[in-house]
Amino acid sequence: MTSDLITSLYVFMLAAFVGFEVIRRVSPLLHTPLMSLTNALDAIAVVGAILLVGEHKSNLSTVLGALAVAAATSNVVGGFLITDRMLKMFKSSKTKKP
Amino acid sequence: MTSDLITSLYVFMLAAFVGFEVIRRVSPLLHTPLMSLTNALDAIAVVGAILLVGEHKSNLSTVLGALAVAAATSNVVGGFLITDRMLKMFKSSKTKKP
Amino acid sequence: MTTAQIPEQAIEFFYLIATALFVLSLKWLSAPATARRGVWAGEIGMVLAIGATLLHRGIVDYTWIAIALVVGAIIGIPLGLVHMTAVPQRTALSHAFGALCVSLVGTAEFYQRTPHVPRFMMAVLSMEVILGSLTFTGSLMAAGKLQEVLPQRPITYKGQNIVNISLLAIAVAVAVYLVMHPGETRLFPLIIGIPLVFGVLMIVPIGGADMPTVISLLNSYAGLSAAAMGFVLDSKLLIIAGALDGSSGFVLSVIMSKAMNRSFTNVLFGAFGQVQPTAAGAIEARTVRTATAEEAAAILGAANSVVVVPGYGMAVAQAQHKVREFYDALTKRGVDVKFGIHPVAGRMPGHMNVLLAEADIPYDRLLDMDAINPELPQTDVALVIGANDVTNPAARSDKSSPIYGMPILDVDKARTVMVIKRSMSPGFAGIDNELYYLDKTLMLFGDAKTFVGDIVRQLAGEGLGSVAGV
Amino acid sequence: MTTAQIPEQAIEFFYLIATALFVLSLKWLSAPATARRGVWAGEIGMVLAIGATLLHRGIVDYTWIAIALVVGAIIGIPLGLVHMTAVPQRTALSHAFGALCVSLVGTAEFYQRTPHVPRFMMAVLSMEVILGSLTFTGSLMAAGKLQEVLPQRPITYKGQNIVNISLLAIAVAVAVYLVMHPGETRLFPLIIGIPLVFGVLMIVPIGGADMPTVISLLNSYAGLSAAAMGFVLDSKLLIIAGALDGSSGFVLSVIMSKAMNRSFTNVLFGAFGQVQPTAAGAIEARTVRTATAEEAAAILGAANSVVVVPGYGMAVAQAQHKVREFYDALTKRGVDVKFGIHPVAGRMPGHMNVLLAEADIPYDRLLDMDAINPELPQTDVALVIGANDVTNPAARSDKSSPIYGMPILDVDKARTVMVIKRSMSPGFAGIDNELYYLDKTLMLFGDAKTFVGDIVRQLAGEGLGSVAGV
Ligand SMILES: NC(=O)c1ccc[n+]([C@@H]2O[C@H](COP(=O)([O-])OP(=O)(O)OC[C@H]3O[C@@H](n4cnc5c(N)ncnc54)[C@H](OP(=O)(O)O)[C@@H]3O)[C@@H](O)[C@H]2O)c1
Ligand SMILES: NC(=O)c1ccc[n+]([C@@H]2O[C@H](COP(=O)([O-])OP(=O)(O)OC[C@H]3O[C@@H](n4cnc5c(N)ncnc54)[C@H](OP(=O)(O)O)[C@@H]3O)[C@@H](O)[C@H]2O)c1
């Protein structure tokens with residue numbers, strides 16, 4: 001448990017550092033798609049919710065889990081969809097036929 | 001063990017990514033100090049060697065461990081020393097009195 | 001082939017690959033050329049992770065999973081197809097959903113594990129539930145304000161901050177008690193309920209124009225609560241995704257607050273939107289030069305270089321498609337048209353870029369503040385459309401101004417300045433703008449969409465004559 | 001206060017902080033302004049980590065630890081005080097020590113654990129020992145070549161690559177066998193001995209000028225072996241430090257090979273330094289313009305802007321202090337002097353910068369290739385000191401040239417070019433340089449140190465007259 005915790009802290013620290021370094025360099029042009037994308041990725045919490053529903057340990061956990069799965073899934077689907085739509089709109093004047 | 005391994009792989013992956021992102025952006029001016037510094041940091045292997053000597057499980061491990069400690073320590077001491085010496089030399093024309 | 005054959009390690013290994021893909025996804029998103037590849041990497045990672053989870057041997061029943069997945073997808077699709085102008089509220093809504101998921105899972109985990117919850121675990125679990133709950137209602141409020149179903153005006157009263165902070169403090173105190181006595185199940189609803197109320201109260205005093213910062217901050221909270229959930233479930237994948245999201249939101253809020261010259265603590269404690277609009281009436285007696293669409297079109301058509309500065313007003317007026325026609329009309333005449341985008345322009349970070357890109361304006365014409373400012377002194381006409389504070393020279397020179405020190409677009413350095421707005425009323429910061437009284441400034445009073453439309457019509461009408469004149 | 005009171009978690013926690021400091025250390029090193037803070041962060045992290053380790057309750061005897069630490073420090077201090085010209089061989093030596101440590105620990109761990117070594121553990125352990133051993137001898141060879149106690153010439157023979165690769169393949173095969181049968185202790189020496197031999201043979205065919213790439217690569221190997229050790233000992237700290245070092249070396253080798261336009265596989269398989277020097281004699285009949293130090297000084301003294309391009313020859317001649325005098329003399333006259341540094345100039349990555357910084361030349365005068373190239377067309381005099389290939393215009397234009405495509409310093413675009421070298425003999429790539437035959441080029445034949453010294457004396461001598469003339 002404690003060693004798990006320390007390892008988790010290592011992972012969190014490194015990931016947060018990666019986040020800072022990478023996001024700081026995202027062009028301001030793409031701040032809106034960035035936010036929808038991180039939103040979609042964050043919805044990976046669906047994985048925890050799926051187990052909760054599937055393991056069916058109590059009715060409470062199944063109901064809460066099912067709601068959680070639905071909420072997260074809507075983020076996954078909606079998030080990727082809109083990010084891709086936005087990025088499709090970004091055209092450079094070179095690639096674009098006038 | 002296996003879960004340890006997977007966690008270690010997470011840590012390695014994230015750290016390697018941090019390495020790539022950070023090092024790619026080091027100014028070419030500082031490539032030489034960079035190499036001496038990473039060298040000194042790498043000598044953290046001394047930690048493993050110290051345990052080997054201190055736990056004294058066999059004569060072989062103590063002897064090998066002691067050699068390892070000496071080798072790594074020389075890197076720690078020499079590496080930080082020379083990196084700092086080099087960086088002290090880098091002066092901007094603004095801060096320098098002519 | 002059957003579920004039972006998939007060993008635990010294989011699933012863990014898929015999670016590892018998914019994590020790598022998530023990291024790459026963000027990295028690729030950082031430049032327009034690789035951005036779409038980033039989305040694909042994220043999608044593949046997500047499919048891998050969900051697929052691997054479904055193979056988990058602990059799962060005894062797929063019915064509810066399937067139903068929930070389908071329902072989620074049915075909600076998600078329309079949310080992915082909204083108009084670009086609605087992206088801010090959609091984003092706020094998705095923060096709410098993400099936080100909801102985290103809170104629900106945290107609650108279920110608590111009731112499953114109580115009373116044997118180790119201290120650290122209980123601490124992280126409380127953090128997960130508290131952050132998740134306040135983010136849930138806070139994001140719903142933000143979405144409501146952005147969608148204008150709730151009043152955009154900040155609602156303030158005396159002692160508001162004290163009430164809010166006390167509420168949060170109570171929730172934290174209950175959490176600390178629970179860490180000590182994780183068997184006290186009847187206290188648990190408090191660390192859901194109080195943060196839910198706090199989330200609402202936190203957003204009440206914040207005005208509509210401040211929503212971009214709020215959204216970034218809620219983004220960060222949502223990420224942190226997901227990371228906390230990762231600690232509880234010991235899922236590295238979730239910790240990493242949460243940390244990435246959390247730091248992303250944090251970085252964006254820092255960028256936003258720097259661009260507004262607000263201290264970051266000011267933002268963190270939700271005490272913003274408090275700037276009192278000063279009565280600008282006394283100064284209004286000063287004269288400004290105004291011009292009609294026809295006059296403006298004549299000057300613009302004769303210019304060599306034009307920089308358009310869109311602001312909050314352009315977004316509100318939804319004038320981006322008219323602006324695109326304007327861009328086309330001038331470009332056809334050989335005028336060099338660029339756009340200068342301030343980091344806080346629009347209703348969420350980067351929103352102005354998305355709106356203009358939607359209107360098919362090439363992204364290499366959209367320059368950020370640092371790129372456009374050196375060009376402005378050589379620019380013939382700077383056309384400000386529904387922006388105000390971000391062009392106010394007082395930010396550079398007047399130490400007593402509330403926006404002093406905020407980085408601005410130096411439109412006053414262009415040879416001629418034109419400003420499209422509906423009246424002389426001030427912008428978000430509630431202060432007068434010296435820019436409007438300069439000799440080189442022409443005020444074009446009217447709604448952004450209508451006025452730009454008028455200019456376009458004038459440009460088309462006198463097009464032939466002017467080309468002959470060139 | 002006593003050792004026994006320190007719980008395991010506290011030690012782990014110190015390691016976590018040390019890791020964070022290491023990451024920050026590298027981050028801060030990326031810019032000159034924060035670089036020294038980076039070293040301090042690294043030092044504090046190291047002290048924390050070693051200190052925490054010494055508190056470990058498994059340690060029963062401190063005598064040998066203390067002795068080894070003292071011996072290490074005694075060796076380390078002189079290695080930290082070498083001259084800047086000796087930094088490349090010092091770096092190679094420290095790679096050797098690092099790899100030695102890793103191999104020794106790996107060996108001890110094997111004999112402690114055999115025969116009960118899980119497969120994955122054995123695989124990682126073998127990798128640790130193999131990489132460590134070959135890096136050890138390889139780095140010693142590199143240090144020897146750089147210190148010139150070993151011949152710098154590449155020594156090649158037919159089938160060399162096949163012999164080397166086979167050796168490595170045998171070592172890997174033994175390792176695979178050991179993974180299956182970790183009890184076969186008598187095979188273990190093979191995965192130490194063969195890589196030791198391989199390390200020597202790997203470096204034999206590589207010429208002195210290629211050492212920078214080799215050093216970076218060995219750096220990467222050393223890091224990877226340390227990371228492998230981290231897997232064996234389940235130490236996150238070591239995995240992270242190793243991964244950082246490994247990726248750092250890897251990035252540097254990629255930068256080096258790009259700057260030489262070599263494919264990275266070419267570098268990875270050690271098959272380089274094979275370029276056959278072509279007989280350049282036939283062309284030598286062409287005439288070049290030469291000049292004396294006096295003539296050169298006159299032109300340089302009258303210039304407005306001078307860009308100095310130092311190369312391998314300047315490092316060999318140890319001319320940096322003379323170059324500094326030259327810089328001072330011209331700067332005093334009001335000439336704008338800058339330095340254009342090619343990524344592969346010198347004897348290790350970034351070496352030229354350190355040499356010039358040692359000679360007290362401000363670092364903001366040292367520009368890398370991308371920064372200086374746009375300035376060269378407006379430069380009066382480009383003075384090339386002991387550089388050759390990195391200035392060869394054939395890299396831009398002549399598709400048949402072996403260096404075609406390598407990014408170069410465009411000195412041929414300056415108004416006047418001066419080249420200090422001892423003869424017309426070619427540089428590392430063994431090819432003729434069109435630059436020398438241009439009308440605007442003056443060849444200044446002589447040793448770099450002596451010739452620059454002569455120019456400085458001339459500048460000082462005629463100093464008064466010239467200042468009057470300005
Ligand atoms: N966007 C963000 O990220 C963010 C976040 C927090 C705070 N803020 C603050 O918001 C301000 C943003 O500056 P800004 O220059 O973009 O906006 P602004 O200063 O709020 O000015 C917007 C202007 O647009 C005009 N306008 C409104 N509706 C219009 C319409 N339909 N047609 C034409 N004009 C219209 C308004 O003038 P009329 O009423 O006369 O038409 C107003 O002066 C800054 O003070 C910033 O600190 C922004
Ligand atoms: N540094 C690296 O990182 C690295 C790594 C691998 C390969 N390389 C290769 O090495 C080459 C580096 O280019 P470079 O232009 O720096 O060097 P170069 O092409 O090898 O030329 C060095 C020149 O310096 C002259 N020289 C040697 N000793 C001298 C002295 N004492 N005084 C004056 N001149 C002296 C030599 O001419 P004389 O004999 O006529 O004096 C020689 O032409 C490239 O081909 C690169 O691909 C470099």
# chains A, B, ... in the order shown; residues from 1 in each chain; ligands from 1
$ residues_near_ligand --ligand "ligand 2" --cutoff "6 Å" --atoms "only C-alpha atoms and all ligand atoms" --output "mmCIF file with all heavy atoms, in the first residue's frame"
data_model
loop_
_atom_site.group_PDB
_atom_site.id
_atom_site.type_symbol
_atom_site.label_atom_id
_atom_site.label_comp_id
_atom_site.auth_asym_id
_atom_site.auth_seq_id
_atom_site.Cartn_x
_atom_site.Cartn_y
_atom_site.Cartn_z
ATOM 1 N N ALA D 209 37.790 12.237 -34.991
ATOM 2 C CA ALA D 209 36.830 13.313 -35.226
ATOM 3 C C ALA D 209 35.403 12.852 -34.977
ATOM 4 O O ALA D 209 34.494 13.664 -34.857
ATOM 5 C CB ALA D 209 36.948 13.833 -36.649
ATOM 6 N N ASP D 210 35.203 11.538 -34.900
ATOM 7 C CA ASP D 210 33.838 11.032 -34.698
ATOM 8 C C ASP D 210 33.515 10.826 -33.238
ATOM 9 O O ASP D 210 32.405 10.413 -32.885
ATOM 10 C CB ASP D 210 33.655 9.713 -35.445
ATOM 11 C CG ASP D 210 32.798 9.924 -36.674
ATOM 12 O OD1 ASP D 210 32.115 10.966 -36.726
ATOM 13 O OD2 ASP D 210 32.815 9.079 -37.558
ATOM 14 N N MET D 211 34.476 11.108 -32.385
ATOM 15 C CA MET D 211 34.294 10.840 -30.963
ATOM 16 C C MET D 211 33.075 11.547 -30.347
ATOM 17 O O MET D 211 32.424 10.985 -29.473
ATOM 18 C CB MET D 211 35.561 11.201 -30.184
ATOM 19 C CG MET D 211 36.639 10.149 -30.322
ATOM 20 S SD MET D 211 36.023 8.499 -29.883
ATOM 21 C CE MET D 211 36.641 7.536 -31.233
ATOM 22 N N PRO D 212 32.728 12.777 -30.773
ATOM 23 C CA PRO D 212 31.570 13.437 -30.157
ATOM 24 C C PRO D 212 30.307 12.597 -30.238
ATOM 25 O O PRO D 212 29.583 12.456 -29.251
ATOM 26 C CB PRO D 212 31.416 14.706 -30.982
ATOM 27 C CG PRO D 212 32.761 14.979 -31.520
ATOM 28 C CD PRO D 212 33.393 13.656 -31.753
ATOM 29 N N THR D 213 30.073 12.025 -31.413
ATOM 30 C CA THR D 213 28.892 11.188 -31.561
ATOM 31 C C THR D 213 29.010 9.958 -30.686
ATOM 32 O O THR D 213 28.048 9.535 -30.041
ATOM 33 C CB THR D 213 28.744 10.749 -33.024
ATOM 34 O OG1 THR D 213 29.289 11.747 -33.848
ATOM 35 C CG2 THR D 213 27.311 10.523 -33.369
ATOM 36 N N MET D 260 25.635 16.304 -38.987
ATOM 37 C CA MET D 260 26.627 15.783 -39.929
ATOM 38 C C MET D 260 25.964 15.120 -41.115
ATOM 39 O O MET D 260 26.646 14.546 -41.953
ATOM 40 C CB MET D 260 27.500 14.759 -39.234
ATOM 41 C CG MET D 260 28.302 15.319 -38.090
ATOM 42 S SD MET D 260 29.455 14.113 -37.480
ATOM 43 C CE MET D 260 28.356 12.784 -37.043
ATOM 44 N N GLY D 311 36.665 25.873 -35.584
ATOM 45 C CA GLY D 311 36.396 24.461 -35.871
ATOM 46 C C GLY D 311 37.343 23.581 -35.091
ATOM 47 O O GLY D 311 38.062 24.044 -34.194
ATOM 48 N N TYR D 312 37.298 22.331 -35.480
ATOM 49 C CA TYR D 312 38.138 21.321 -34.851
ATOM 50 C C TYR D 312 39.587 21.788 -34.705
ATOM 51 O O TYR D 312 40.213 21.606 -33.655
ATOM 52 C CB TYR D 312 38.050 20.075 -35.730
ATOM 53 C CG TYR D 312 38.800 18.894 -35.245
ATOM 54 C CD1 TYR D 312 38.336 18.144 -34.174
ATOM 55 C CD2 TYR D 312 39.977 18.501 -35.864
ATOM 56 C CE1 TYR D 312 39.030 17.040 -33.732
ATOM 57 C CE2 TYR D 312 40.680 17.392 -35.433
ATOM 58 C CZ TYR D 312 40.204 16.666 -34.367
ATOM 59 O OH TYR D 312 40.893 15.573 -33.933
ATOM 60 N N GLY D 313 40.110 22.436 -35.737
ATOM 61 C CA GLY D 313 41.501 22.902 -35.725
ATOM 62 C C GLY D 313 41.777 23.909 -34.610
ATOM 63 O O GLY D 313 42.856 23.902 -34.017
ATOM 64 N N VAL D 316 42.111 21.827 -31.460
ATOM 65 C CA VAL D 316 43.370 21.084 -31.423
ATOM 66 C C VAL D 316 44.535 22.010 -31.114
ATOM 67 O O VAL D 316 45.414 21.687 -30.320
ATOM 68 C CB VAL D 316 43.633 20.378 -32.778
ATOM 69 C CG1 VAL D 316 44.859 19.504 -32.691
ATOM 70 C CG2 VAL D 316 42.432 19.579 -33.178
ATOM 71 N N ALA D 317 44.522 23.175 -31.744
ATOM 72 C CA ALA D 317 45.619 24.111 -31.559
ATOM 73 C C ALA D 317 45.505 24.829 -30.203
ATOM 74 O O ALA D 317 46.397 25.578 -29.829
ATOM 75 C CB ALA D 317 45.629 25.123 -32.698
ATOM 76 N N VAL D 344 28.580 20.465 -34.694
ATOM 77 C CA VAL D 344 29.604 19.428 -34.548
ATOM 78 C C VAL D 344 31.016 19.983 -34.440
ATOM 79 O O VAL D 344 31.989 19.245 -34.514
ATOM 80 C CB VAL D 344 29.580 18.366 -35.682
ATOM 81 C CG1 VAL D 344 28.263 17.652 -35.700
ATOM 82 C CG2 VAL D 344 29.907 18.972 -37.020
ATOM 83 N N ALA D 345 31.127 21.313 -34.277
ATOM 84 C CA ALA D 345 32.471 21.861 -34.124
ATOM 85 C C ALA D 345 33.024 21.423 -32.770
ATOM 86 O O ALA D 345 32.294 21.355 -31.785
ATOM 87 C CB ALA D 345 32.426 23.375 -34.209
ATOM 88 N N GLY D 346 34.315 21.130 -32.729
ATOM 89 C CA GLY D 346 34.945 20.747 -31.468
ATOM 90 C C GLY D 346 34.992 19.259 -31.274
ATOM 91 O O GLY D 346 34.746 18.492 -32.198
ATOM 92 N N ARG D 347 35.324 18.849 -30.058
ATOM 93 C CA ARG D 347 35.566 17.430 -29.810
ATOM 94 C C ARG D 347 34.464 16.773 -29.012
ATOM 95 O O ARG D 347 34.535 15.598 -28.690
ATOM 96 C CB ARG D 347 36.893 17.280 -29.107
ATOM 97 C CG ARG D 347 38.026 17.703 -29.979
ATOM 98 C CD ARG D 347 39.291 17.827 -29.200
ATOM 99 N NE ARG D 347 40.402 17.441 -30.055
ATOM 100 C CZ ARG D 347 41.305 16.560 -29.714
ATOM 101 N NH1 ARG D 347 41.257 15.978 -28.555
ATOM 102 N NH2 ARG D 347 42.293 16.279 -30.540
ATOM 103 N N MET D 348 33.475 17.520 -28.599
ATOM 104 C CA MET D 348 32.271 16.902 -28.041
ATOM 105 C C MET D 348 31.131 17.892 -28.240
ATOM 106 O O MET D 348 31.386 19.065 -28.538
ATOM 107 C CB MET D 348 32.455 16.499 -26.578
ATOM 108 C CG MET D 348 32.494 17.623 -25.577
ATOM 109 S SD MET D 348 32.687 17.032 -23.869
ATOM 110 C CE MET D 348 31.053 16.413 -23.503
ATOM 111 N N PRO D 349 29.875 17.448 -28.099
ATOM 112 C CA PRO D 349 28.768 18.386 -28.343
ATOM 113 C C PRO D 349 28.896 19.631 -27.471
ATOM 114 O O PRO D 349 29.079 19.526 -26.261
ATOM 115 C CB PRO D 349 27.534 17.569 -27.944
ATOM 116 C CG PRO D 349 27.940 16.155 -28.097
ATOM 117 C CD PRO D 349 29.384 16.104 -27.764
ATOM 118 N N GLY D 386 40.501 26.982 -38.380
ATOM 119 C CA GLY D 386 40.606 25.531 -38.195
ATOM 120 C C GLY D 386 39.311 24.788 -38.421
ATOM 121 O O GLY D 386 39.104 23.716 -37.862
ATOM 122 N N ALA D 387 38.403 25.359 -39.200
ATOM 123 C CA ALA D 387 37.199 24.615 -39.594
ATOM 124 C C ALA D 387 37.289 24.367 -41.095
ATOM 125 O O ALA D 387 37.929 25.125 -41.818
ATOM 126 C CB ALA D 387 35.940 25.382 -39.257
ATOM 127 N N ASN D 388 36.660 23.330 -41.553
ATOM 128 C CA ASN D 388 36.761 23.025 -42.979
ATOM 129 C C ASN D 388 35.409 22.524 -43.498
ATOM 130 O O ASN D 388 34.639 23.284 -44.089
ATOM 131 C CB ASN D 388 37.880 21.996 -43.190
ATOM 132 C CG ASN D 388 38.168 21.733 -44.647
ATOM 133 O OD1 ASN D 388 37.342 22.027 -45.503
ATOM 134 N ND2 ASN D 388 39.321 21.191 -44.935
ATOM 135 N N ASP D 389 35.084 21.268 -43.211
ATOM 136 C CA ASP D 389 33.853 20.679 -43.756
ATOM 137 C C ASP D 389 32.606 21.502 -43.446
ATOM 138 O O ASP D 389 31.712 21.617 -44.286
ATOM 139 C CB ASP D 389 33.654 19.274 -43.183
ATOM 140 C CG ASP D 389 34.786 18.342 -43.556
ATOM 141 O OD1 ASP D 389 35.488 18.643 -44.538
ATOM 142 O OD2 ASP D 389 34.970 17.329 -42.860
ATOM 143 N N VAL D 390 32.557 22.042 -42.257
ATOM 144 C CA VAL D 390 31.325 22.727 -41.863
ATOM 145 C C VAL D 390 31.144 24.053 -42.584
ATOM 146 O O VAL D 390 30.159 24.758 -42.359
ATOM 147 C CB VAL D 390 31.262 22.964 -40.334
ATOM 148 C CG1 VAL D 390 31.279 21.641 -39.592
ATOM 149 C CG2 VAL D 390 32.380 23.872 -39.865
ATOM 150 N N ILE D 420 42.058 30.323 -41.715
ATOM 151 C CA ILE D 420 43.330 29.955 -41.092
ATOM 152 C C ILE D 420 43.401 28.444 -41.022
ATOM 153 O O ILE D 420 42.580 27.795 -40.375
ATOM 154 C CB ILE D 420 43.433 30.530 -39.661
ATOM 155 C CG1 ILE D 420 43.281 32.045 -39.681
ATOM 156 C CG2 ILE D 420 44.766 30.129 -39.023
ATOM 157 C CD1 ILE D 420 43.488 32.711 -38.336
ATOM 158 N N LYS D 421 44.368 27.868 -41.733
ATOM 159 C CA LYS D 421 44.672 26.439 -41.570
ATOM 160 C C LYS D 421 46.108 26.228 -41.991
ATOM 161 O O LYS D 421 46.740 27.129 -42.548
ATOM 162 C CB LYS D 421 43.695 25.545 -42.341
ATOM 163 C CG LYS D 421 43.701 25.677 -43.843
ATOM 164 C CD LYS D 421 42.416 25.125 -44.463
ATOM 165 C CE LYS D 421 42.202 23.663 -44.206
ATOM 166 N NZ LYS D 421 43.008 22.807 -45.117
ATOM 167 N N ARG D 422 46.648 25.061 -41.733
ATOM 168 C CA ARG D 422 48.097 24.883 -41.926
ATOM 169 C C ARG D 422 48.466 24.568 -43.361
ATOM 170 O O ARG D 422 49.572 24.797 -43.787
ATOM 171 C CB ARG D 422 48.594 23.775 -41.000
ATOM 172 C CG ARG D 422 48.469 24.125 -39.522
ATOM 173 C CD ARG D 422 48.556 22.895 -38.673
ATOM 174 N NE ARG D 422 47.620 21.885 -39.154
ATOM 175 C CZ ARG D 422 47.500 20.669 -38.659
ATOM 176 N NH1 ARG D 422 48.264 20.287 -37.664
ATOM 177 N NH2 ARG D 422 46.618 19.830 -39.157
ATOM 178 N N SER D 423 47.540 24.012 -44.119
ATOM 179 C CA SER D 423 47.872 23.550 -45.469
ATOM 180 C C SER D 423 46.595 23.496 -46.289
ATOM 181 O O SER D 423 45.535 23.882 -45.829
ATOM 182 C CB SER D 423 48.488 22.146 -45.398
ATOM 183 O OG SER D 423 47.470 21.264 -44.937
ATOM 184 N N MET D 424 46.688 22.951 -47.504
ATOM 185 C CA MET D 424 45.476 22.765 -48.303
ATOM 186 C C MET D 424 44.843 21.402 -48.023
ATOM 187 O O MET D 424 43.875 21.029 -48.680
ATOM 188 C CB MET D 424 45.796 22.873 -49.795
ATOM 189 C CG MET D 424 46.022 24.290 -50.271
ATOM 190 S SD MET D 424 44.586 25.372 -49.959
ATOM 191 C CE MET D 424 43.445 24.748 -51.184
ATOM 192 N N SER D 425 45.366 20.671 -47.063
ATOM 193 C CA SER D 425 44.850 19.317 -46.873
ATOM 194 C C SER D 425 43.399 19.353 -46.385
ATOM 195 O O SER D 425 42.981 20.291 -45.726
ATOM 196 C CB SER D 425 45.736 18.542 -45.899
ATOM 197 O OG SER D 425 45.769 19.206 -44.657
ATOM 198 N N PRO D 426 42.653 18.324 -46.757
ATOM 199 C CA PRO D 426 41.203 18.342 -46.479
ATOM 200 C C PRO D 426 40.911 18.089 -45.009
ATOM 201 O O PRO D 426 41.795 17.734 -44.236
ATOM 202 C CB PRO D 426 40.676 17.190 -47.334
ATOM 203 C CG PRO D 426 41.824 16.276 -47.495
ATOM 204 C CD PRO D 426 43.055 17.106 -47.472
ATOM 205 N N GLY D 427 39.648 18.289 -44.627
ATOM 206 C CA GLY D 427 39.220 18.055 -43.243
ATOM 207 C C GLY D 427 38.767 16.624 -43.035
ATOM 208 O O GLY D 427 39.170 15.728 -43.786
ATOM 209 N N PHE D 428 37.913 16.445 -42.088
ATOM 210 C CA PHE D 428 37.509 15.103 -41.679
ATOM 211 C C PHE D 428 36.891 14.296 -42.816
ATOM 212 O O PHE D 428 37.141 13.112 -42.956
ATOM 213 C CB PHE D 428 36.516 15.216 -40.518
ATOM 214 C CG PHE D 428 35.892 13.927 -40.135
ATOM 215 C CD1 PHE D 428 36.641 12.944 -39.507
ATOM 216 C CD2 PHE D 428 34.557 13.683 -40.397
ATOM 217 C CE1 PHE D 428 36.064 11.746 -39.149
ATOM 218 C CE2 PHE D 428 33.982 12.474 -40.038
ATOM 219 C CZ PHE D 428 34.734 11.509 -39.419
ATOM 220 N N ALA D 429 36.072 14.956 -43.637
ATOM 221 C CA ALA D 429 35.380 14.221 -44.684
ATOM 222 C C ALA D 429 36.300 13.886 -45.854
ATOM 223 O O ALA D 429 35.917 13.169 -46.771
ATOM 224 C CB ALA D 429 34.172 15.010 -45.179
ATOM 225 N N ASP D 447 49.612 27.610 -38.159
ATOM 226 C CA ASP D 447 48.925 27.041 -36.998
ATOM 227 C C ASP D 447 47.964 28.082 -36.436
ATOM 228 O O ASP D 447 48.269 29.274 -36.390
ATOM 229 C CB ASP D 447 49.964 26.637 -35.944
ATOM 230 C CG ASP D 447 49.296 26.206 -34.644
ATOM 231 O OD1 ASP D 447 48.710 25.118 -34.642
ATOM 232 O OD2 ASP D 447 49.333 26.979 -33.671
ATOM 233 N N ALA D 448 46.780 27.614 -36.013
ATOM 234 C CA ALA D 448 45.738 28.534 -35.578
ATOM 235 C C ALA D 448 46.225 29.463 -34.461
ATOM 236 O O ALA D 448 46.058 30.680 -34.521
ATOM 237 C CB ALA D 448 44.516 27.740 -35.111
#
$ residues_around --residues "Leu5 (chain B)" --least-positions-apart "6" --cutoff "10 Å" --atoms "only C-alpha atoms" --output "list in words"
Val11 of chain B; Gln9 of chain C; Phe120, Met121, Phe231, Val232 and Asp234 of chain D
$ interface_residues --of "chain B" --to "chain C" --cutoff "12 Å" --atoms "only C-alpha atoms" --output "list in words"
Met1, Thr2, Ser3, Asp4, Leu5, Ile6, Thr7, Ser8, Leu9, Tyr10, Val11, Phe12, Met13, Leu14, Ala15, Ala16, Phe17, Val18, Phe20 and Glu21 of chain B
$ atom_distance --atom1 "CA of Tyr221 (chain C)" --atom2 "CA of Leu134 (chain C)"
8.9 Å
$ residues_around --residues "region 79-88 of chain D" --least-positions-apart "2" --cutoff "10 Å" --atoms "only C-alpha atoms" --output "PyMOL selection string"
(chain B and resi 32-33+35-36+74-86) or (chain D and resi 73-77+90-94+142-143+146-147+211-212+215+315-316+318+320+346-349+351-352+354-359)
